[in-house]
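**Q** Got a structure for you, written out below as structure tokens; questions coming shortly.
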Amino acid sequence: MKRSATSELFDQAAHDPARRDDAIGALFSGLAAAAQAAADERRARRAAARAERRNRPEAVAARKAAAAKGWETRRRRAAEDAARDGWDDQPRRTGPVCAEMNHNSVGREVFCELEPDHEEDHDDGYGTTWPRED
């Protein structure tokens, strides 16, 4: 009948003439060292398998495709945001307008959008009005 490694370690620790430590303590120390060695070996095998999966040609190609798709999505969204920033919700007049300019309440220039030579006060179309001065 074959003996287990644990039994052999115990017998070796218990019957060693030069032993100065507890036999059970030596057994558990040996078991702890064996368990740590096995865990290190499993960890190394997992890391090697992960590296092998990562470096396969199809995995590299998939990562490249995903990166390219991500960059295209970011570029498209940036272009959409830039275009959206340039939009204005208010309708713009396309015909001839008055050339009169004034400043609104925060000091920005506003232009009158009424017909040239109109008789009423000036209006920028956004609610800012100012009187005619002629």
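Naming scheme: A, B, ... for chains in displayed order of the structure tokens; residues 1 onward per chain; ligands 1 onward as shown.
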Please provide the set of residues having any atom within 12 Å of stretch 93-100 of chain A, restricted to only C-alpha atoms, with same-chain residues fewer than 3 positions apart removed, written as a list of chain:residue names.

**A**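 Listing them by chain and then by number gives A:Gln90, A:His103, A:Glu109, A:Val110, A:Phe111, A:Cys112, A:Glu113, A:Leu114, A:Glu115, A:Pro116, A:Asp117, A:His118, A:Glu119, A:Glu120, A:Asp121, A:His122, A:Asp123, A:Asp124, A:Gly125, A:Thr129, A:Trp130, A:Pro131, A:Arg132, A:Glu133, A:Asp134.
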
**Q** Per DSSP on the backbone, what are the alpha helix (DSSP H) residues of chain A, as a ChimeraX atom specification?

**A** /A:5-14,23-54,57-86
